[in-house]
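S.K.: Below you'll find the structure I mean.
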Protein chains: 2
Amino acid sequence: MAKSGKKSDAGKGAAAPRPFGGVRRATSYDVAKLAGVSQSAVSRCFAPGGSIAPATREKVMKAATELGYRPNALAQALITRRTNLVAVFISRLTNLHYPEVLAELSRQLTDRDIRVLLFALTAESEIDLLLEQVWRHDVDGIISAARLDDEQIAGIRRHGIPIVLYNRTAGEHLTPSVWCDSAAGERDLVDRLLAAGHRRFAVVAGPQDSAVGEERRLATLARLAEAGIHDVPVTRGDFSYASGREAVATLAGAATPPDAVVCVSDVMAIGAIDGCRFDLGLKVPEDVSVVGFDGSEPAGWMSYQVTSIRQPVRRMTAAAVEMLLERIEDPTLPAERRSFVGAFVPGQSARL
Amino acid sequence: MAKSGKKSDAGKGAAAPRPFGGVRRATSYDVAKLAGVSQSAVSRCFAPGGSIAPATREKVMKAATELGYRPNALAQALITRRTNLVAVFISRLTNLHYPEVLAELSRQLTDRDIRVLLFALTAESEIDLLLEQVWRHDVDGIISAARLDDEQIAGIRRHGIPIVLYNRTAGEHLTPSVWCDSAAGERDLVDRLLAAGHRRFAVVAGPQDSAVGEERRLATLARLAEAGIHDVPVTRGDFSYASGREAVATLAGAATPPDAVVCVSDVMAIGAIDGCRFDLGLKVPEDVSVVGFDGSEPAGWMSYQVTSIRQPVRRMTAAAVEMLLERIEDPTLPAERRSFVGAFVPGQSARL
DNA sequence: CTGTTAGCGCGTTCAC
DNA sequence: GTGAACGCGCTAACAG
């Protein structure tokens with residue numbers, strides 16, 4: 001009976017008439033009063049380069065800890081015009097590669113004392129509505145691993161909010177971005193497949209509006225064309241396991257079934273491998289080679305061991321964060337695109 | 001030459017001396033002036049139940065759209081004490097089940113016009129430091145799918161910030177939470193395994209500080225004990241694929257190797273299956289049955305088809321959001337725990 | 001229904 | 001080095 005069990009049901013409806021059910025937080029005025037100084041002195045104590053006498057600082061700090069005072073981020077932001085908030089747009093959070101990206105971005109931003117305002121897009125998300133929220137919240141910058149159209153990019157520019165794109169491209173204008181050079185990766189994979197004697201290729205591409213997907217598809221076809229291989233069948237998926245599996249079923253129906261399937265993502269490659277094995281009764285890699293892209297974790301699991309290209313997520317996210325912070329400090333910095341090449345992952349899903 | 005290319009390199013260093021490199025946003029005063037009304041009239045126009053004459057409203061709205069005005073969320077929050085911000089704590093974002101949870105939480109909160117302040121915990125995250133940020137930002141509430149200790153929970157309570165735990169428990173005090181009733185699920189799985197004739201059980205558990213992991217371990221062992229099966233070997237993993245794989249290697253070294261392995265998560269079950277097949281040369285489910293828990297997407301892939309229990313993520317996240325919003329509206333609501341039972345997923349990884 | 005007034009909590013001049 | 005005064009952009013009383 002001594003320690004009151006739950007938080008707020010002592011005496012039924014007779015709850016103490018506290019302002020908001022929460023305790024009023026201490027303000028800099030409260031601290032000032034207790035310390036016997038002015039409010040501005042308190043402010044200077046918590047400012048980076050505030051000129052304050054050691055003695056005063058001590059009094060203030062003592063009072064501050066006593067009251068559990070912390071500067072209110074809202075008031076601070078309202079006046080300094082810095083929220084230390086970065087909006088992160090991310091799509092397909094359930095698609096296995098993005099959680100890793102998000103985790104890294106979050107970690108790196110947190111390390112730099114910046115908070116993440118998350119916008120996880122679903123298929124039906126109205127990006128424009130989300131952007132409204134972004135304006136209203138005065139974020140310092142945006143990192144987008146989601147597709148933005150020209151109109152939206154223009155709006156962001158108009159608002160003067162720095163943005164960095166992650167594995168995305170914006171239409172006309174050059175926009176700061178980090179990019180995994182899929183072209184180099186696909187060329188690498190294709191060359192290895194060619195060297196191992198593969199000739200009957202097929203591509204499992206992504207949706208048309210996916211920049212990375214398209215770059216990968218085009219790079220693959222271009223390299224094959226250079227090698228004299230044309231009319232390569234292409235099936236489009238949506239980066240899902242199911243779509244990869246269905247894709248190979250489609251491709252297998254062709255006159256000359258492929259002996260090498262290039263998938264533009266690991267998850268689709270995994271789907272393709274299962275499709276080959278379970279739907280078509282083919283052996284991978286003996287009967288058909290399958291390669292992917294990304295280097296997601298499940299691609300390394302023993303049952304798949306996807307031959308792939310691993311994106312350097314750590315370095316890419318670090319670059320994105322760095323580029324963004326630079327532009328928050330100095331918005332006049334010109335746009336820039338930083339490309340990274342991925343690393344070949346041998347795997348076992350391709351006969352090389 | 002007409003359309004200026006990049007944003008800010010026209011004329012080299014001779015960039016126009018704009019305030020912040022960004023355009024100053026229109027304030028309610030600007031709108032008021034343009035519309036020929038008072039600033040408070042503008043405010044009322046954007047307030048839910050503001051009493052305003054249709055004629056005035058029209059004038060204001062016209063001026064507002066012309067200037068691209070939107071109420072500043074910071075100033076608004078400073079005065080109303082409502083930020084429409086919810087902090088979401090989440091751990092192990094790379095562990096396949098959490099991205100789905102996060103995506104759902106984000107979607108549901110966004111639908112209710114609430115923004116997500118993300119705190120993705122890494123192994124070394126100092127939660128107390130993150131909580132500092134939470135105080136400073138005046139979030140309206142917290143949803144935590146990460147472990148919080150008594151001290152931290154007490155701090156949150158002291159600050160009067162509503163919180164809902166997601167598949168976590170807090171020590172002494174009852175804290176609002178949603179929970180997937182793992183006990184019911186594990187009993188279900190064990191019963192089915194027993195009915196199919198399994199007798200030599202083993203458990204791949206989680207870390208000791210994982211509440212769900214422990215509940216699942218204990219429920220499994222309890223049910224087995226009821227059936228007269230004791231001394232069941234237990235190996236602990238960390239919810240990773242690798243740990244599941246290693247676990248079965250360990251278990252196989254015992255005098256009587258198991259014919260049924262109960263893993264407390266799908267990813268570990270996947271690791272266990274691969275361990276059986278590739279390290280031990282066993283057939284799953286012919287030689288040994290493996291069951292998991294969660295219902296993560298990869299568990300359904302053809303190569304694994306894990307027999308498992310699927311958490312009702314949609315309903316659980318919806319409940320979490322609802323409980324939180326209720327408590328934001330009325331902080332005096334008593335703590336409450338809502339449990340959900342998962343659905344059996346037949347799969348093919350257990351001989352049933 | 002409207003405008004005036006007073007803050008929300010803080011950073012920042014500017015005299016002292 | 002310090003404090004008084006002002007303002008960031010807005011909502012909430014209040015009088016008209």
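Just remember, in the structure tokens the first chain shown is A, the second B, etc., residues are 1-based per chain, and ligands are 1-based in the order shown.
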Show me, as a list of chain:residue names, the residues of chain D whose atoms get within 8 Å of chain B, using only C-alpha atoms (C1' of nucleotides) for the distance check.

M.R.: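 That gives D:DG9, D:DC10, D:DT11 for chain D.
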
S.K.: Please provide the set of residues having any atom within 9 Å of Val190 of chain B, restricted to only C-alpha atoms (C1' of nucleotides), with same-chain residues fewer than 3 positions apart removed, written as an MDAnalysis selection string.

M.R.: chainID B and resid 185:187 193:195 220 223:224 262

S.K.: Go ahead and write the residues just picked, all heavy atoms, as a CSV table (one decimal), in the first residue's frame.

M.R.:
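The resulting file, result_36.csv, is reproduced below:
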chain,number,residue,atom,x,y,z
B,185,GLY,N,1.6,-19.4,-28.2
B,185,GLY,CA,2.1,-19.9,-29.4
B,185,GLY,C,3.0,-21.0,-29.2
B,185,GLY,O,2.9,-22.0,-29.9
B,186,GLU,N,3.9,-20.9,-28.3
B,186,GLU,CA,4.9,-22.0,-28.1
B,186,GLU,C,4.2,-23.3,-27.6
B,186,GLU,O,4.5,-24.4,-28.0
B,186,GLU,CB,5.9,-21.6,-27.0
B,186,GLU,CG,6.9,-20.5,-27.5
B,186,GLU,CD,7.8,-20.9,-28.6
B,186,GLU,OE1,7.6,-21.9,-29.3
B,186,GLU,OE2,8.7,-20.1,-28.9
B,187,ARG,N,3.1,-23.1,-26.8
B,187,ARG,CA,2.4,-24.3,-26.4
B,187,ARG,C,1.8,-25.0,-27.6
B,187,ARG,O,1.8,-26.2,-27.7
B,187,ARG,CB,1.3,-23.9,-25.4
B,187,ARG,CG,1.7,-23.8,-24.0
B,187,ARG,CD,0.6,-23.8,-23.0
B,187,ARG,NE,-0.4,-22.7,-23.3
B,187,ARG,CZ,-0.3,-21.5,-22.7
B,187,ARG,NH1,0.7,-21.2,-21.9
B,187,ARG,NH2,-1.2,-20.6,-23.0
B,193,LEU,N,4.1,-30.8,-32.1
B,193,LEU,CA,5.3,-31.6,-32.2
B,193,LEU,C,5.2,-32.9,-31.4
B,193,LEU,O,5.5,-34.0,-31.9
B,193,LEU,CB,6.5,-30.8,-31.7
B,193,LEU,CG,7.0,-29.7,-32.7
B,193,LEU,CD1,8.0,-28.8,-32.0
B,193,LEU,CD2,7.6,-30.3,-33.9
B,194,LEU,N,4.6,-32.8,-30.2
B,194,LEU,CA,4.4,-34.0,-29.4
B,194,LEU,C,3.5,-34.9,-30.1
B,194,LEU,O,3.7,-36.1,-30.2
B,194,LEU,CB,3.8,-33.5,-28.0
B,194,LEU,CG,4.8,-32.9,-27.1
B,194,LEU,CD1,4.1,-32.3,-25.9
B,194,LEU,CD2,5.9,-33.9,-26.6
B,195,ALA,N,2.4,-34.4,-30.6
B,195,ALA,CA,1.4,-35.2,-31.3
B,195,ALA,C,2.0,-36.0,-32.4
B,195,ALA,O,1.5,-37.1,-32.7
B,195,ALA,CB,0.2,-34.3,-31.7
B,220,THR,N,7.9,-22.9,-23.5
B,220,THR,CA,8.3,-24.2,-24.2
B,220,THR,C,8.7,-25.3,-23.1
B,220,THR,O,8.1,-26.4,-23.2
B,220,THR,CB,9.4,-24.0,-25.1
B,220,THR,OG1,9.1,-23.0,-26.1
B,220,THR,CG2,9.8,-25.3,-25.9
B,223,ARG,N,5.7,-26.4,-21.0
B,223,ARG,CA,4.8,-27.3,-21.7
B,223,ARG,C,5.4,-28.7,-21.8
B,223,ARG,O,4.7,-29.8,-21.6
B,223,ARG,CB,4.5,-26.8,-23.1
B,223,ARG,CG,3.3,-27.5,-23.8
B,223,ARG,CD,2.1,-27.5,-22.9
B,223,ARG,NE,0.8,-27.7,-23.6
B,223,ARG,CZ,-0.3,-27.5,-23.1
B,223,ARG,NH1,-0.5,-27.0,-21.9
B,223,ARG,NH2,-1.4,-27.7,-23.8
B,224,LEU,N,6.7,-28.8,-22.1
B,224,LEU,CA,7.3,-30.0,-22.2
B,224,LEU,C,7.3,-30.8,-20.8
B,224,LEU,O,7.1,-32.0,-20.8
B,224,LEU,CB,8.8,-29.8,-22.7
B,224,LEU,CG,8.9,-29.4,-24.2
B,224,LEU,CD1,10.3,-29.0,-24.5
B,224,LEU,CD2,8.4,-30.6,-25.0
B,262,VAL,N,13.2,-26.2,-31.1
B,262,VAL,CA,12.3,-25.0,-31.0
B,262,VAL,C,13.1,-23.8,-30.9
B,262,VAL,O,13.9,-23.6,-29.9
B,262,VAL,CB,11.4,-25.2,-29.7
B,262,VAL,CG1,10.6,-23.9,-29.6
B,262,VAL,CG2,10.6,-26.4,-29.8

S.K.: For DC14 of chain C, find every residue with an atom within 12 Å (counting only C-alpha atoms (C1' of nucleotides)), except residues of its own chain fewer than 6 positions away, and show them as a list in words.

M.R.: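 Listed by chain and then number, they are DT2, DG3, DA4, DA5 and DC6 of chain D.
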
S.K.: Take the residues that were just selected and, keeping all heavy atoms, output them as a tab-separated table (two decimals), in the first residue's frame.

M.R.:
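Dumped everything to again.tsv:
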chain	number	residue	atom	x	y	z
D	2	DT	P	29.45	36.65	-14.84
D	2	DT	OP1	29.48	36.31	-13.39
D	2	DT	OP2	29.34	35.60	-15.83
D	2	DT	O5'	28.30	37.70	-15.05
D	2	DT	C5'	28.08	38.71	-14.07
D	2	DT	C4'	27.10	39.72	-14.59
D	2	DT	O4'	27.53	40.22	-15.87
D	2	DT	C3'	25.68	39.19	-14.83
D	2	DT	O3'	24.89	39.56	-13.72
D	2	DT	C2'	25.24	39.85	-16.13
D	2	DT	C1'	26.39	40.79	-16.48
D	2	DT	N1	26.68	40.96	-17.92
D	2	DT	C2	26.19	42.07	-18.57
D	2	DT	O2	25.51	42.92	-18.05
D	2	DT	N3	26.53	42.14	-19.91
D	2	DT	C4	27.30	41.22	-20.62
D	2	DT	O4	27.53	41.40	-21.81
D	2	DT	C5	27.77	40.10	-19.87
D	2	DT	C7	28.60	39.06	-20.54
D	2	DT	C6	27.44	40.00	-18.56
D	3	DG	P	23.51	38.76	-13.49
D	3	DG	OP1	23.28	38.69	-12.02
D	3	DG	OP2	23.55	37.53	-14.29
D	3	DG	O5'	22.45	39.77	-14.11
D	3	DG	C5'	22.25	41.02	-13.47
D	3	DG	C4'	21.54	41.96	-14.42
D	3	DG	O4'	22.26	42.00	-15.68
D	3	DG	C3'	20.11	41.54	-14.77
D	3	DG	O3'	19.26	42.66	-14.60
D	3	DG	C2'	20.19	41.10	-16.23
D	3	DG	C1'	21.34	41.95	-16.75
D	3	DG	N9	22.05	41.36	-17.88
D	3	DG	C8	22.58	40.10	-17.96
D	3	DG	N7	23.19	39.87	-19.10
D	3	DG	C5	23.05	41.04	-19.81
D	3	DG	C6	23.50	41.37	-21.11
D	3	DG	O6	24.14	40.68	-21.90
D	3	DG	N1	23.14	42.69	-21.46
D	3	DG	C2	22.44	43.54	-20.64
D	3	DG	N2	22.19	44.74	-21.15
D	3	DG	N3	22.02	43.25	-19.42
D	3	DG	C4	22.35	41.98	-19.07
D	4	DA	P	17.69	42.50	-14.44
D	4	DA	OP1	17.31	43.00	-13.11
D	4	DA	OP2	17.33	41.13	-14.86
D	4	DA	O5'	17.16	43.52	-15.55
D	4	DA	C5'	17.66	44.84	-15.59
D	4	DA	C4'	17.34	45.48	-16.93
D	4	DA	O4'	18.21	44.91	-17.95
D	4	DA	C3'	15.90	45.22	-17.38
D	4	DA	O3'	15.35	46.43	-17.90
D	4	DA	C2'	16.04	44.15	-18.45
D	4	DA	C1'	17.44	44.41	-19.02
D	4	DA	N9	18.08	43.17	-19.48
D	4	DA	C8	18.20	42.00	-18.77
D	4	DA	N7	18.84	41.05	-19.44
D	4	DA	C5	19.15	41.65	-20.65
D	4	DA	C6	19.83	41.17	-21.78
D	4	DA	N6	20.33	39.95	-21.87
D	4	DA	N1	19.98	42.02	-22.83
D	4	DA	C2	19.47	43.27	-22.73
D	4	DA	N3	18.82	43.83	-21.70
D	4	DA	C4	18.69	42.96	-20.68
D	5	DA	P	13.83	46.48	-18.31
D	5	DA	OP1	13.39	47.89	-18.13
D	5	DA	OP2	13.08	45.38	-17.68
D	5	DA	O5'	13.95	46.19	-19.87
D	5	DA	C5'	14.89	46.92	-20.64
D	5	DA	C4'	14.83	46.49	-22.09
D	5	DA	O4'	15.60	45.26	-22.27
D	5	DA	C3'	13.42	46.19	-22.61
D	5	DA	O3'	13.28	46.74	-23.91
D	5	DA	C2'	13.37	44.66	-22.66
D	5	DA	C1'	14.81	44.33	-23.00
D	5	DA	N9	15.22	42.99	-22.59
D	5	DA	C8	14.87	42.32	-21.44
D	5	DA	N7	15.41	41.12	-21.33
D	5	DA	C5	16.16	40.99	-22.49
D	5	DA	C6	16.97	39.95	-22.97
D	5	DA	N6	17.16	38.80	-22.33
D	5	DA	N1	17.57	40.15	-24.16
D	5	DA	C2	17.38	41.31	-24.82
D	5	DA	N3	16.65	42.36	-24.45
D	5	DA	C4	16.06	42.14	-23.27
D	6	DC	P	11.82	46.80	-24.57
D	6	DC	OP1	11.63	48.18	-25.07
D	6	DC	OP2	10.81	46.19	-23.68
D	6	DC	O5'	12.03	45.85	-25.83
D	6	DC	C5'	13.13	46.11	-26.71
D	6	DC	C4'	13.38	44.87	-27.56
D	6	DC	O4'	13.87	43.79	-26.75
D	6	DC	C3'	12.13	44.34	-28.28
D	6	DC	O3'	12.36	44.36	-29.67
D	6	DC	C2'	11.97	42.92	-27.75
D	6	DC	C1'	13.39	42.58	-27.29
D	6	DC	N1	13.46	41.51	-26.24
D	6	DC	C2	14.32	40.42	-26.43
D	6	DC	O2	14.99	40.37	-27.47
D	6	DC	N3	14.39	39.45	-25.49
D	6	DC	C4	13.64	39.55	-24.38
D	6	DC	N4	13.75	38.58	-23.48
D	6	DC	C5	12.77	40.65	-24.16
D	6	DC	C6	12.69	41.60	-25.11

S.K.: Using only C-alpha atoms (C1' of nucleotides), tabulate the residues of chain C lying at most 9 Å from any atom of chain B, each with its closest atom pair and that distance in Å to one decimal, by chain and increasing residue number, as a tab-separated table.

M.R.:
residue	atom	partner	partner_atom	distance
C:DC1	C1'	B:Ile52	CA	6.2
C:DT2	C1'	B:Ala41	CA	7.5
C:DG3	C1'	B:Ser38	CA	6.2
C:DG7	C1'	B:Ile79	CA	8.8
C:DC8	C1'	B:Ile79	CA	4.5
C:DG9	C1'	B:Leu78	CA	7.8

S.K.: Going by DSSP on the backbone, which residues of segment 119-193 of chain B come out as strand (DSSP E)? List them as a PyMOL selection string.

M.R.: chain B and resi 119-121+141-145+163-166+177-180

S.K.: Starting from chain B, keep only residues with some atom at most 7 Å from an atom of chain A, counting only C-alpha atoms, and report them as number ranges by chain.

M.R.: B: 5-6, 8-9, 21-23, 70-75, 78, 93-94, 99-100, 103, 106, 116-118, 120, 136-137, 159-161, 173-174, 274, 302-303, 331-335

S.K.: In Å, rounded to a single decimal, give me how far atom CA of Leu189 of chain A is from atom CA of Arg216 of chain A.

M.R.: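 So the two atoms, atom CA of Arg216 of chain A and atom CA of Leu189 of chain A, lie 11.0 Å apart.
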